[in-house]
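S.K.: Before anything else, here's the structure in question.
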Amino acid sequence: MTPGGTAPAPGRQWTFGLWLAGALWTLPLWLAPFPPMVDFAQQLAAAAILRFYGEPARALSAAYRLVPWRPHGLFEMVAAVLAWLVPIDVAGKLTVAVSLAAVPPCVLALCRRTGRPAWYALLALAVTYGYVFYWGLVDNLVACPLLLAGIALADRWLDRPFGVREWAVLALWGLLFYPAHLQLLPLFAGALGWLALARRPRPRQLALWLSPLLPGLALGVGALGWVHFHTAEAMTAYRQRLEAEPARFGSPLAKLAALPGLLFGAHTDGTQYLLAILLLAVIGLLTVPRPAAAAPAGGGGWLYRTRFATLAAWMWLLYLALPVYEKGYLLSERLAPVAFLLTLPALPLPPAGRTRAVAALVGCLLALQLLQTTAGFLSFAAETDGVGELLAPTAPGQAMAGLIFDPYPEAWDVPAMNHLAAYYQVFKGGRLHFSFAQFFNSPVAYRPGQDWESGLLAEWDEWNPQHFVYERHAGRFRYFLVHGGPEKLAASFGHHLREIRVRRAGGWMLVER
């Protein structure tokens with residue numbers, strides 16, 4: 001009961017319940033010391049540089065400089081601030097957990113705009129452990145609830161007098177995509193534009209509604225323009241090589257076939273296809289067959305009433321049209337979960353007599369996803385057992401390289417172990433063979449003359465450990481984290497094994513020169 005003696009509003013109960021459900025849904029994150037997220041270790045290493053930059057033992061300031069004004073640094077900055085209160089690895093997980101838990105309440109806000117049942121937002125949980133999560137695209141994870149909440153807020157304010165406060169908040173919202181993820185800024189701009197057009201405003205009103213986008217778009221375009229005209233300063237040679245690679249497109253049929261893995265994760269046992277069947281069954285029960293519908297009450301016109309359905313359709317078309325890979329980025333795959341989440345508030349209301357059947361299917365879908373995810377995290381924890389033990393006694397401030405010959409875990413078809421050597425920098429500082437400091441959209445960058453990795457990566461990068469040649473490449477590193485069996489160790493170091501120290505723990509080896 002509230003202090004006034006009345007029960008809280010059902011809407012608030014649902015909001016609290018969805019936050020709680022989201023928090024419980026993130027429990028698998030805490031089952032494995034190292035989350036099965038490909039890029040997470042590199043992003044966390046950048047956060048650790050921000051947090052521990054001034055510690056002499058870590059020897060960070062000699063090689064790196066801080067550039068927090070560059071785009072896409074929100075995850076690193078939040079994790080770095082939290083790391084003053086909790087250990088840095090806990091800070092990174094906590095930032096991810098809050099981002100995941102925020103998705104269902106944001107979808108609930110969208111469902112309220114269309115009058116859909118609040119429990120539709122539970123379906124959002126099913127896609128939180130998907131492609132974006134397992135590839136460790138933490139900037140997208142952080143920006144996704146920002147996008148959903150911004151769309152819900154904009155749709156609400158476009159239906160009432162649009163004053164200075166509304167303009168200022170939406171302008172600030174657009175600016176937030178600069179530190180979160182610039183790729184989602186045009187999605188937010190397009191969504192706001194479509195929601196405005198659906199109301200068929202006069203040109204002057206349309207201009208007023210769209211004008212809050214100008215500060216964010218100007219900042220984003222300005223940053224990209226600066227990078228274009230200062231390529232040598234902003235981009236390392238490694239990054240420039242990625243920029244020069246041709247874009248890769250996938251056929252629409254191939255992209256449709258990839259959706260189960262993108263939404264639910266590429267499980268090696270094929271669970272994603274069973275989850276997709278359950279989801280299709282839910283949608284089928286909601287949509288076909290349906291009795292003839294009466295004309296909807298209220299005004300607004302067909303375009304207004306279907307604004308979220310058409311908005312979701314635009315997102316799905318973008319997913320099908322955009323390249324799979326361009327300028328070093330995995331591109332269209334990031335749109336699939338966003339398009340799905342925007343589809344939820346556009347789903348039809350449950351026909352009479354089917355609510356229980358739909359709820360049962362939703363429960364089965366979520367239970368299976370959570371069970372499979374939990375089992376996968378426990379399996380990954382067992383597979384990475386030994387990494388922490390090997391890294392703990394290492395000296396701080398040294399150089400580390402990873403030779404990960406077998407980066408794929410048993411549970412998922414993603415190379416989730418590929419960047420585990422970056423945890424040395426997370427806990428001990430120093431330098432890495434490959435670092436996200438290579439990228440212009442990182443809040444840390446190399447000092448002039450310190451990017452010795454660019455030339456090194458032209459011969460041997462993190463994806464090709466077999467290209468490592470001891471005589472050519474080993475001299476800059478004190479430590480090597482090796483995964484792939486004794487035969488891979490022998491092939492990499494040959495007769496030099498007599499000169500170096502090798503420690504083993506689990507399926508991992510640490511070589512110290």
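Each chain of the structure tokens is named A, B, ... in the order shown, its residues numbered from 1; ligands are numbered from 1 in display order.
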Could you pull out the strand (DSSP E) residues of stretch 216-453 of chain A, going by DSSP on the backbone, and write them as JSON, numbers by chain?
M.R.: {"A": [325, 326, 329, 330, 399, 400, 401, 402, 403, 404, 431, 432, 444, 445, 446]}
S.K.: Pick out each residue of stretch 85-238 of chain A that DSSP on the backbone tags as helix (DSSP H, G or I); I need them as a short mmCIF file (atom, residue, chain, number, x, y, z; two decimals) with N, CA, C and O atoms, in the first residue's frame.
M.R.:
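Ended up saving to part-v6.cif:
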data_model
loop_
_atom_site.label_atom_id
_atom_site.label_comp_id
_atom_site.auth_asym_id
_atom_site.auth_seq_id
_atom_site.Cartn_x
_atom_site.Cartn_y
_atom_site.Cartn_z
N ILE A 88 37.01 -4.00 -11.10
CA ILE A 88 36.78 -3.59 -12.48
C ILE A 88 35.98 -4.63 -13.25
O ILE A 88 35.11 -4.28 -14.06
N ASP A 89 36.21 -5.93 -13.02
CA ASP A 89 35.44 -6.94 -13.76
C ASP A 89 33.98 -6.94 -13.32
O ASP A 89 33.07 -7.14 -14.14
N VAL A 90 33.73 -6.69 -12.04
CA VAL A 90 32.35 -6.58 -11.55
C VAL A 90 31.69 -5.33 -12.13
O VAL A 90 30.51 -5.36 -12.51
N ALA A 91 32.43 -4.24 -12.25
CA ALA A 91 31.89 -3.01 -12.82
C ALA A 91 31.44 -3.23 -14.26
O ALA A 91 30.39 -2.74 -14.68
N GLY A 92 32.24 -3.97 -15.04
CA GLY A 92 31.86 -4.24 -16.42
C GLY A 92 30.61 -5.08 -16.52
O GLY A 92 29.70 -4.79 -17.30
N LYS A 93 30.54 -6.13 -15.71
CA LYS A 93 29.34 -6.98 -15.71
C LYS A 93 28.11 -6.20 -15.25
O LYS A 93 27.01 -6.39 -15.79
N LEU A 94 28.29 -5.35 -14.26
CA LEU A 94 27.16 -4.58 -13.74
C LEU A 94 26.61 -3.63 -14.80
O LEU A 94 25.39 -3.47 -14.93
N THR A 95 27.50 -3.02 -15.56
CA THR A 95 27.06 -2.13 -16.63
C THR A 95 26.25 -2.88 -17.68
O THR A 95 25.21 -2.42 -18.15
N VAL A 96 26.72 -4.07 -18.05
CA VAL A 96 25.99 -4.90 -19.01
C VAL A 96 24.66 -5.35 -18.42
O VAL A 96 23.62 -5.32 -19.10
N ALA A 97 24.67 -5.77 -17.15
CA ALA A 97 23.45 -6.27 -16.51
C ALA A 97 22.36 -5.20 -16.49
O ALA A 97 21.19 -5.47 -16.77
N VAL A 98 22.73 -3.97 -16.13
CA VAL A 98 21.73 -2.89 -16.09
C VAL A 98 21.19 -2.62 -17.50
O VAL A 98 19.99 -2.38 -17.68
N SER A 99 22.05 -2.67 -18.50
CA SER A 99 21.61 -2.45 -19.88
C SER A 99 20.61 -3.51 -20.31
O SER A 99 19.59 -3.20 -20.94
N LEU A 100 20.87 -4.78 -19.97
CA LEU A 100 19.94 -5.85 -20.33
C LEU A 100 18.63 -5.72 -19.55
O LEU A 100 17.54 -5.89 -20.13
N ALA A 101 18.74 -5.45 -18.26
CA ALA A 101 17.53 -5.37 -17.42
C ALA A 101 16.65 -4.19 -17.82
O ALA A 101 15.43 -4.20 -17.55
N VAL A 103 15.86 -3.26 -20.83
CA VAL A 103 15.14 -3.45 -22.09
C VAL A 103 13.65 -3.72 -21.87
O VAL A 103 12.80 -3.07 -22.50
N PRO A 104 13.24 -4.68 -21.00
CA PRO A 104 11.80 -4.93 -20.84
C PRO A 104 11.00 -3.71 -20.37
O PRO A 104 9.91 -3.45 -20.93
N PRO A 105 11.45 -2.93 -19.38
CA PRO A 105 10.66 -1.74 -19.02
C PRO A 105 10.53 -0.74 -20.17
O PRO A 105 9.50 -0.08 -20.30
N CYS A 106 11.57 -0.64 -21.00
CA CYS A 106 11.48 0.27 -22.15
C CYS A 106 10.47 -0.24 -23.17
O CYS A 106 9.72 0.55 -23.76
N VAL A 107 10.43 -1.56 -23.39
CA VAL A 107 9.42 -2.13 -24.29
C VAL A 107 8.03 -1.95 -23.69
O VAL A 107 7.06 -1.71 -24.42
N LEU A 108 7.92 -2.04 -22.37
CA LEU A 108 6.63 -1.78 -21.72
C LEU A 108 6.13 -0.37 -22.02
O LEU A 108 4.95 -0.17 -22.29
N ALA A 109 7.05 0.60 -22.01
CA ALA A 109 6.65 1.97 -22.33
C ALA A 109 6.12 2.06 -23.76
O ALA A 109 5.17 2.81 -24.03
N LEU A 110 6.71 1.29 -24.67
CA LEU A 110 6.20 1.27 -26.05
C LEU A 110 4.83 0.60 -26.12
O LEU A 110 3.94 1.07 -26.84
N CYS A 111 4.66 -0.50 -25.39
CA CYS A 111 3.37 -1.20 -25.39
C CYS A 111 2.26 -0.33 -24.83
O CYS A 111 1.10 -0.40 -25.28
N ARG A 112 2.57 0.51 -23.87
CA ARG A 112 1.55 1.42 -23.34
C ARG A 112 1.11 2.43 -24.39
O ARG A 112 -0.04 2.86 -24.39
N ARG A 113 2.02 2.78 -25.29
CA ARG A 113 1.65 3.73 -26.35
C ARG A 113 0.66 3.13 -27.34
O ARG A 113 -0.06 3.85 -28.01
N THR A 114 0.66 1.81 -27.46
CA THR A 114 -0.24 1.17 -28.43
C THR A 114 -1.36 0.40 -27.75
O THR A 114 -2.14 -0.27 -28.44
N ALA A 118 0.77 -5.49 -20.98
CA ALA A 118 2.11 -5.26 -20.43
C ALA A 118 2.99 -6.50 -20.53
O ALA A 118 4.21 -6.39 -20.67
N TRP A 119 2.37 -7.69 -20.50
CA TRP A 119 3.19 -8.90 -20.50
C TRP A 119 3.86 -9.15 -21.84
O TRP A 119 4.76 -9.99 -21.95
N TYR A 120 3.47 -8.42 -22.88
CA TYR A 120 4.19 -8.51 -24.16
C TYR A 120 5.67 -8.16 -23.96
O TYR A 120 6.54 -8.67 -24.67
N ALA A 121 5.94 -7.27 -23.01
CA ALA A 121 7.32 -6.84 -22.77
C ALA A 121 8.20 -7.98 -22.28
O ALA A 121 9.43 -7.91 -22.39
N LEU A 122 7.58 -9.04 -21.71
CA LEU A 122 8.38 -10.18 -21.28
C LEU A 122 9.09 -10.84 -22.45
O LEU A 122 10.17 -11.44 -22.29
N LEU A 123 8.50 -10.77 -23.64
CA LEU A 123 9.14 -11.36 -24.82
C LEU A 123 10.48 -10.70 -25.14
O LEU A 123 11.33 -11.29 -25.81
N ALA A 124 10.66 -9.46 -24.66
CA ALA A 124 11.94 -8.78 -24.89
C ALA A 124 13.09 -9.52 -24.24
O ALA A 124 14.23 -9.47 -24.71
N LEU A 125 12.80 -10.22 -23.12
CA LEU A 125 13.86 -10.94 -22.43
C LEU A 125 14.48 -12.01 -23.33
O LEU A 125 15.67 -12.31 -23.22
N ALA A 126 13.66 -12.58 -24.21
CA ALA A 126 14.13 -13.71 -25.01
C ALA A 126 15.28 -13.34 -25.93
O ALA A 126 16.07 -14.22 -26.31
N VAL A 127 15.39 -12.06 -26.33
CA VAL A 127 16.43 -11.68 -27.29
C VAL A 127 17.57 -10.90 -26.65
O VAL A 127 18.41 -10.36 -27.36
N TYR A 131 22.83 -12.40 -30.65
CA TYR A 131 24.05 -12.13 -31.41
C TYR A 131 24.83 -10.95 -30.83
O TYR A 131 26.04 -11.02 -30.64
N VAL A 132 24.14 -9.84 -30.55
CA VAL A 132 24.82 -8.64 -30.05
C VAL A 132 25.49 -8.93 -28.72
O VAL A 132 26.62 -8.47 -28.47
N PHE A 133 24.83 -9.70 -27.86
CA PHE A 133 25.42 -10.01 -26.56
C PHE A 133 26.66 -10.88 -26.72
O PHE A 133 27.72 -10.56 -26.16
N TYR A 134 26.55 -11.98 -27.44
CA TYR A 134 27.67 -12.93 -27.49
C TYR A 134 28.87 -12.40 -28.26
O TYR A 134 29.99 -12.83 -28.00
N VAL A 138 29.06 -4.18 -26.63
CA VAL A 138 28.51 -3.55 -25.44
C VAL A 138 27.97 -2.16 -25.72
O VAL A 138 27.05 -1.69 -25.03
N ASP A 139 28.53 -1.47 -26.72
CA ASP A 139 27.99 -0.15 -27.05
C ASP A 139 26.54 -0.27 -27.52
O ASP A 139 25.69 0.56 -27.18
N ASN A 140 26.25 -1.30 -28.30
CA ASN A 140 24.88 -1.53 -28.72
C ASN A 140 23.99 -1.91 -27.55
O ASN A 140 22.82 -1.50 -27.47
N LEU A 141 24.51 -2.73 -26.63
CA LEU A 141 23.73 -3.12 -25.46
C LEU A 141 23.35 -1.90 -24.63
O LEU A 141 22.23 -1.80 -24.12
N VAL A 142 24.29 -0.98 -24.48
CA VAL A 142 24.02 0.23 -23.69
C VAL A 142 23.04 1.15 -24.43
O VAL A 142 22.15 1.77 -23.82
N ALA A 143 23.18 1.24 -25.76
CA ALA A 143 22.38 2.18 -26.52
C ALA A 143 20.97 1.68 -26.80
O ALA A 143 20.08 2.48 -27.08
N CYS A 144 20.74 0.37 -26.75
CA CYS A 144 19.43 -0.18 -27.12
C CYS A 144 18.30 0.35 -26.21
O CYS A 144 17.29 0.85 -26.72
N PRO A 145 18.40 0.26 -24.88
CA PRO A 145 17.32 0.84 -24.06
C PRO A 145 17.20 2.34 -24.23
O PRO A 145 16.10 2.89 -24.11
N LEU A 146 18.31 3.01 -24.52
CA LEU A 146 18.25 4.45 -24.79
C LEU A 146 17.40 4.72 -26.03
O LEU A 146 16.57 5.64 -26.04
N LEU A 147 17.55 3.90 -27.07
CA LEU A 147 16.76 4.05 -28.28
C LEU A 147 15.28 3.79 -28.01
O LEU A 147 14.41 4.58 -28.40
N LEU A 148 14.98 2.68 -27.34
CA LEU A 148 13.58 2.31 -27.09
C LEU A 148 12.88 3.35 -26.22
O LEU A 148 11.74 3.75 -26.51
N ALA A 149 13.54 3.78 -25.14
CA ALA A 149 12.93 4.79 -24.26
C ALA A 149 12.74 6.11 -24.99
O ALA A 149 11.73 6.80 -24.80
N GLY A 150 13.70 6.48 -25.84
CA GLY A 150 13.57 7.72 -26.58
C GLY A 150 12.40 7.70 -27.55
O GLY A 150 11.69 8.70 -27.72
N ILE A 151 12.18 6.55 -28.21
CA ILE A 151 11.05 6.43 -29.13
C ILE A 151 9.73 6.53 -28.37
O ILE A 151 8.80 7.21 -28.81
N ALA A 152 9.64 5.85 -27.22
CA ALA A 152 8.40 5.92 -26.42
C ALA A 152 8.14 7.34 -25.94
O ALA A 152 7.00 7.83 -25.98
N LEU A 153 9.19 8.01 -25.50
CA LEU A 153 9.04 9.38 -25.01
C LEU A 153 8.62 10.32 -26.14
O LEU A 153 7.71 11.16 -25.97
N ALA A 154 9.26 10.17 -27.29
CA ALA A 154 8.93 11.04 -28.41
C ALA A 154 7.48 10.83 -28.86
O ALA A 154 6.75 11.79 -29.13
N ASP A 155 7.05 9.56 -28.93
CA ASP A 155 5.68 9.28 -29.36
C ASP A 155 4.66 9.89 -28.39
O ASP A 155 3.61 10.38 -28.81
N ARG A 156 4.99 9.87 -27.12
CA ARG A 156 4.09 10.47 -26.13
C ARG A 156 4.02 11.98 -26.28
O ARG A 156 2.94 12.57 -26.26
N TRP A 157 5.17 12.62 -26.47
CA TRP A 157 5.20 14.08 -26.52
C TRP A 157 4.66 14.64 -27.83
O TRP A 157 4.23 15.79 -27.88
N VAL A 164 9.27 24.01 -24.87
CA VAL A 164 10.72 24.10 -24.71
C VAL A 164 11.27 22.88 -23.98
O VAL A 164 12.33 22.34 -24.34
N ARG A 165 10.56 22.43 -22.94
CA ARG A 165 11.06 21.29 -22.17
C ARG A 165 11.15 20.04 -23.05
O ARG A 165 12.16 19.33 -23.02
N GLU A 166 10.09 19.79 -23.82
CA GLU A 166 10.09 18.62 -24.69
C GLU A 166 11.21 18.70 -25.73
O GLU A 166 11.90 17.72 -26.01
N TRP A 167 11.38 19.89 -26.30
CA TRP A 167 12.43 20.09 -27.30
C TRP A 167 13.81 19.82 -26.68
O TRP A 167 14.64 19.11 -27.26
N ALA A 168 14.05 20.37 -25.50
CA ALA A 168 15.36 20.24 -24.87
C ALA A 168 15.67 18.80 -24.50
O ALA A 168 16.80 18.32 -24.69
N VAL A 169 14.67 18.07 -23.97
CA VAL A 169 14.92 16.68 -23.58
C VAL A 169 15.21 15.82 -24.79
O VAL A 169 16.13 14.99 -24.79
N LEU A 170 14.44 15.99 -25.87
CA LEU A 170 14.69 15.19 -27.08
C LEU A 170 16.04 15.55 -27.71
O LEU A 170 16.73 14.68 -28.26
N ALA A 171 16.43 16.81 -27.64
CA ALA A 171 17.74 17.21 -28.15
C ALA A 171 18.85 16.54 -27.33
O ALA A 171 19.83 16.03 -27.89
N LEU A 172 18.70 16.55 -26.02
CA LEU A 172 19.69 15.88 -25.16
C LEU A 172 19.70 14.38 -25.45
O LEU A 172 20.77 13.76 -25.48
N TRP A 173 18.53 13.80 -25.69
CA TRP A 173 18.45 12.37 -25.98
C TRP A 173 19.26 12.03 -27.24
O TRP A 173 19.98 11.05 -27.29
N GLY A 174 19.11 12.87 -28.25
CA GLY A 174 19.87 12.65 -29.47
C GLY A 174 21.37 12.76 -29.25
O GLY A 174 22.16 11.99 -29.81
N LEU A 175 21.78 13.70 -28.40
CA LEU A 175 23.20 13.87 -28.11
C LEU A 175 23.78 12.66 -27.38
O LEU A 175 24.97 12.35 -27.52
N LEU A 176 22.95 11.96 -26.59
CA LEU A 176 23.44 10.82 -25.82
C LEU A 176 23.91 9.66 -26.71
O LEU A 176 24.69 8.82 -26.27
N PHE A 177 23.43 9.61 -27.95
CA PHE A 177 23.88 8.54 -28.84
C PHE A 177 25.34 8.71 -29.25
O PHE A 177 25.97 7.75 -29.72
N TYR A 178 25.88 9.91 -29.10
CA TYR A 178 27.30 10.12 -29.44
C TYR A 178 28.20 9.28 -28.54
O TYR A 178 29.04 8.52 -29.03
N PRO A 179 28.06 9.35 -27.21
CA PRO A 179 28.89 8.46 -26.39
C PRO A 179 28.40 7.03 -26.34
O PRO A 179 29.17 6.12 -26.01
N ALA A 180 27.12 6.80 -26.63
CA ALA A 180 26.58 5.43 -26.55
C ALA A 180 26.92 4.66 -27.82
O ALA A 180 27.75 3.74 -27.81
N LEU A 184 23.03 4.00 -33.78
CA LEU A 184 21.63 4.06 -33.38
C LEU A 184 21.04 5.46 -33.47
O LEU A 184 19.82 5.63 -33.36
N LEU A 185 21.89 6.48 -33.68
CA LEU A 185 21.37 7.84 -33.83
C LEU A 185 20.51 7.98 -35.08
O LEU A 185 19.40 8.52 -35.00
N PRO A 186 20.95 7.50 -36.27
CA PRO A 186 20.04 7.59 -37.42
C PRO A 186 18.78 6.75 -37.25
O PRO A 186 17.73 7.11 -37.80
N LEU A 187 18.85 5.66 -36.48
CA LEU A 187 17.63 4.90 -36.20
C LEU A 187 16.67 5.73 -35.37
O LEU A 187 15.45 5.73 -35.62
N PHE A 188 17.19 6.42 -34.37
CA PHE A 188 16.35 7.28 -33.54
C PHE A 188 15.78 8.42 -34.38
O PHE A 188 14.58 8.75 -34.28
N ALA A 189 16.62 9.01 -35.23
CA ALA A 189 16.15 10.11 -36.08
C ALA A 189 15.07 9.61 -37.04
O ALA A 189 14.04 10.28 -37.23
N GLY A 190 15.29 8.44 -37.64
CA GLY A 190 14.29 7.90 -38.55
C GLY A 190 12.99 7.56 -37.85
O GLY A 190 11.90 7.80 -38.38
N ALA A 191 13.10 7.01 -36.63
CA ALA A 191 11.89 6.67 -35.87
C ALA A 191 11.10 7.93 -35.51
O ALA A 191 9.87 7.97 -35.66
N LEU A 192 11.80 8.95 -35.03
CA LEU A 192 11.12 10.20 -34.70
C LEU A 192 10.47 10.81 -35.94
O LEU A 192 9.32 11.29 -35.89
N GLY A 193 11.19 10.76 -37.06
CA GLY A 193 10.63 11.30 -38.29
C GLY A 193 9.38 10.56 -38.74
O GLY A 193 8.38 11.18 -39.14
N TRP A 194 9.41 9.22 -38.64
CA TRP A 194 8.24 8.45 -39.05
C TRP A 194 7.06 8.66 -38.11
O TRP A 194 5.92 8.81 -38.56
N LEU A 195 7.31 8.69 -36.82
CA LEU A 195 6.22 8.93 -35.88
C LEU A 195 5.61 10.31 -36.08
O LEU A 195 4.41 10.51 -35.89
N ALA A 196 6.45 11.28 -36.46
CA ALA A 196 5.93 12.62 -36.75
C ALA A 196 5.10 12.62 -38.03
O ALA A 196 3.98 13.17 -38.07
N LEU A 197 5.58 11.97 -39.08
CA LEU A 197 4.85 11.94 -40.34
C LEU A 197 3.52 11.20 -40.20
O LEU A 197 2.55 11.53 -40.89
N PRO A 203 3.79 21.54 -42.34
CA PRO A 203 5.25 21.64 -42.48
C PRO A 203 5.92 22.34 -41.30
O PRO A 203 6.98 21.91 -40.85
N ARG A 204 5.29 23.41 -40.80
CA ARG A 204 5.93 24.13 -39.68
C ARG A 204 5.97 23.25 -38.44
O ARG A 204 6.97 23.22 -37.72
N GLN A 205 4.89 22.51 -38.17
CA GLN A 205 4.86 21.62 -37.01
C GLN A 205 5.87 20.49 -37.17
O GLN A 205 6.56 20.11 -36.22
N LEU A 206 5.97 19.94 -38.39
CA LEU A 206 6.94 18.87 -38.65
C LEU A 206 8.36 19.37 -38.42
O LEU A 206 9.18 18.67 -37.80
N ALA A 207 8.65 20.56 -38.87
CA ALA A 207 9.99 21.12 -38.66
C ALA A 207 10.29 21.29 -37.18
O ALA A 207 11.41 21.03 -36.72
N LEU A 208 9.29 21.73 -36.41
CA LEU A 208 9.50 21.89 -34.96
C LEU A 208 9.77 20.54 -34.31
O LEU A 208 10.67 20.42 -33.48
N TRP A 209 9.00 19.52 -34.68
CA TRP A 209 9.18 18.20 -34.08
C TRP A 209 10.54 17.58 -34.41
O TRP A 209 11.12 16.87 -33.59
N LEU A 210 11.03 17.84 -35.62
CA LEU A 210 12.29 17.22 -36.04
C LEU A 210 13.52 18.04 -35.64
O LEU A 210 14.63 17.51 -35.63
N LEU A 213 16.57 16.95 -33.35
CA LEU A 213 17.58 16.02 -33.85
C LEU A 213 18.85 16.73 -34.32
O LEU A 213 19.90 16.09 -34.44
N LEU A 214 18.75 18.03 -34.59
CA LEU A 214 19.87 18.73 -35.22
C LEU A 214 21.15 18.71 -34.38
O LEU A 214 22.23 18.47 -34.93
N PRO A 215 21.10 18.96 -33.06
CA PRO A 215 22.36 18.94 -32.30
C PRO A 215 23.06 17.58 -32.35
O PRO A 215 24.28 17.52 -32.57
N GLY A 216 22.31 16.49 -32.16
CA GLY A 216 22.93 15.17 -32.19
C GLY A 216 23.48 14.83 -33.55
O GLY A 216 24.60 14.30 -33.67
N LEU A 217 22.71 15.11 -34.61
CA LEU A 217 23.19 14.82 -35.96
C LEU A 217 24.41 15.66 -36.30
O LEU A 217 25.35 15.17 -36.94
N ALA A 218 24.40 16.93 -35.89
CA ALA A 218 25.55 17.79 -36.16
C ALA A 218 26.80 17.27 -35.46
O ALA A 218 27.90 17.26 -36.04
N LEU A 219 26.65 16.84 -34.22
CA LEU A 219 27.79 16.31 -33.49
C LEU A 219 28.31 15.03 -34.14
O LEU A 219 29.52 14.85 -34.31
N GLY A 220 27.40 14.13 -34.52
CA GLY A 220 27.82 12.89 -35.14
C GLY A 220 28.49 13.11 -36.48
O GLY A 220 29.56 12.54 -36.77
N VAL A 221 27.87 13.93 -37.33
CA VAL A 221 28.46 14.22 -38.64
C VAL A 221 29.79 14.94 -38.49
O VAL A 221 30.75 14.67 -39.22
N GLY A 222 29.87 15.84 -37.51
CA GLY A 222 31.12 16.55 -37.28
C GLY A 222 32.24 15.61 -36.87
O GLY A 222 33.38 15.73 -37.34
N ALA A 223 31.92 14.65 -36.00
CA ALA A 223 32.94 13.69 -35.57
C ALA A 223 33.41 12.83 -36.73
O ALA A 223 34.62 12.61 -36.91
N LEU A 224 32.47 12.32 -37.54
CA LEU A 224 32.85 11.49 -38.68
C LEU A 224 33.61 12.31 -39.72
O LEU A 224 34.53 11.80 -40.37
N GLY A 225 33.23 13.58 -39.88
CA GLY A 225 33.95 14.44 -40.81
C GLY A 225 35.38 14.69 -40.34
O GLY A 225 36.33 14.68 -41.15
N TRP A 226 35.55 14.89 -39.04
CA TRP A 226 36.91 15.08 -38.51
C TRP A 226 37.76 13.85 -38.77
O TRP A 226 38.93 13.96 -39.16
N VAL A 227 37.18 12.66 -38.56
CA VAL A 227 37.92 11.43 -38.81
C VAL A 227 38.30 11.34 -40.28
O VAL A 227 39.41 10.95 -40.64
N HIS A 228 37.39 11.72 -41.17
CA HIS A 228 37.66 11.63 -42.61
C HIS A 228 38.81 12.54 -43.01
O HIS A 228 39.66 12.15 -43.82
N PHE A 229 38.85 13.74 -42.46
CA PHE A 229 39.88 14.70 -42.86
C PHE A 229 41.16 14.59 -42.04
O PHE A 229 42.15 15.25 -42.35
N THR A 231 42.53 11.37 -41.10
CA THR A 231 42.65 9.92 -41.04
C THR A 231 43.95 9.48 -40.39
O THR A 231 43.96 8.57 -39.55
N ALA A 232 45.05 10.10 -40.75
CA ALA A 232 46.34 9.67 -40.22
C ALA A 232 46.42 9.86 -38.72
O ALA A 232 47.05 9.07 -38.02
N GLU A 233 45.77 10.89 -38.20
CA GLU A 233 45.79 11.14 -36.76
C GLU A 233 44.80 10.27 -36.02
O GLU A 233 45.06 9.79 -34.92
N ALA A 234 43.62 10.05 -36.62
CA ALA A 234 42.54 9.36 -35.92
C ALA A 234 42.60 7.85 -36.07
O ALA A 234 42.13 7.13 -35.19
N ALA A 237 47.16 2.27 -38.78
CA ALA A 237 47.27 1.55 -40.04
C ALA A 237 46.37 0.32 -40.04
O ALA A 237 45.79 -0.04 -41.07
N TYR A 238 46.24 -0.32 -38.88
CA TYR A 238 45.37 -1.50 -38.78
C TYR A 238 43.94 -1.11 -39.08
O TYR A 238 43.23 -1.79 -39.85
#
S.K.: For A:Ser379, which residue out of A:Pro33, A:Gly301, A:Gly22, A:Pro448 is the nearest one, using only C-alpha atoms?
M.R.: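 Once distances to A:Ser379 are computed over only C-alpha atoms, the minimum belongs to A:Pro33.
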S.K.: Which residue out of A:Tyr53, A:Phe439, A:Phe249, A:Phe264 has the minimum interatomic distance to A:Leu320 when only C-alpha atoms are used?
M.R.: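 Under the stated criterion, the closest residue is A:Phe249.
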S.K.: Write out as a tab-separated table (two decimals) with C-alpha atoms, in the first residue's frame which residues come within 12 Å of A:Leu391 when counting only C-alpha atoms, dropping same-chain ones fewer than 5 positions away.
M.R.:
chain	number	residue	atom	x	y	z
A	385	ASP	CA	38.88	-22.33	-15.71
A	386	GLY	CA	42.56	-21.68	-15.24
A	396	PRO	CA	52.05	-5.70	-13.79
A	398	GLN	CA	54.26	-5.91	-19.06
A	400	MET	CA	50.88	-9.72	-23.28
A	420	LEU	CA	40.72	-13.39	-23.19
A	421	ALA	CA	44.36	-12.27	-23.11
A	422	ALA	CA	43.00	-8.71	-22.73
A	423	TYR	CA	42.11	-9.57	-19.13
A	424	TYR	CA	45.80	-9.19	-18.38
A	425	GLN	CA	45.43	-5.49	-19.17
A	426	VAL	CA	42.20	-5.35	-17.20
A	427	PHE	CA	43.91	-6.58	-14.02
A	428	LYS	CA	47.58	-5.71	-14.54
A	429	GLY	CA	47.83	-2.92	-17.12
A	479	TYR	CA	53.75	-13.14	-21.63
A	480	PHE	CA	51.68	-15.28	-24.00
A	481	LEU	CA	48.31	-16.80	-23.14
A	482	VAL	CA	47.96	-19.99	-25.18
A	503	ARG	CA	52.70	-22.81	-16.62
A	504	ARG	CA	49.49	-24.79	-17.18
A	505	ALA	CA	46.04	-24.59	-15.63
A	508	TRP	CA	45.32	-23.01	-20.78
A	509	MET	CA	49.04	-22.24	-20.80
A	510	LEU	CA	50.95	-19.11	-19.87
A	511	VAL	CA	54.33	-18.66	-21.50
A	512	GLU	CA	56.78	-16.27	-19.86
S.K.: At a cut-off of 10 Å, using only C-alpha atoms, what residues contact A:Trp84? Leave out same-chain residues fewer than 5 positions from it and give the result as a list in words.
M.R.: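 Contacts, with the query itself left out: Arg51, Phe52, Ala79 and Ala91 of chain A.
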S.K.: Grab the residues selected above and save them as a PDB file, in the first residue's frame with C-alpha atoms.
M.R.:
ATOM      1  CA  ARG A  51      40.314   3.853 -14.254  1.00  0.00           C
ATOM      2  CA  PHE A  52      43.972   3.012 -13.509  1.00  0.00           C
ATOM      3  CA  ALA A  79      32.506   0.934 -15.956  1.00  0.00           C
ATOM      4  CA  ALA A  91      31.885  -3.011 -12.819  1.00  0.00           C
TER       5      ALA A  91
END
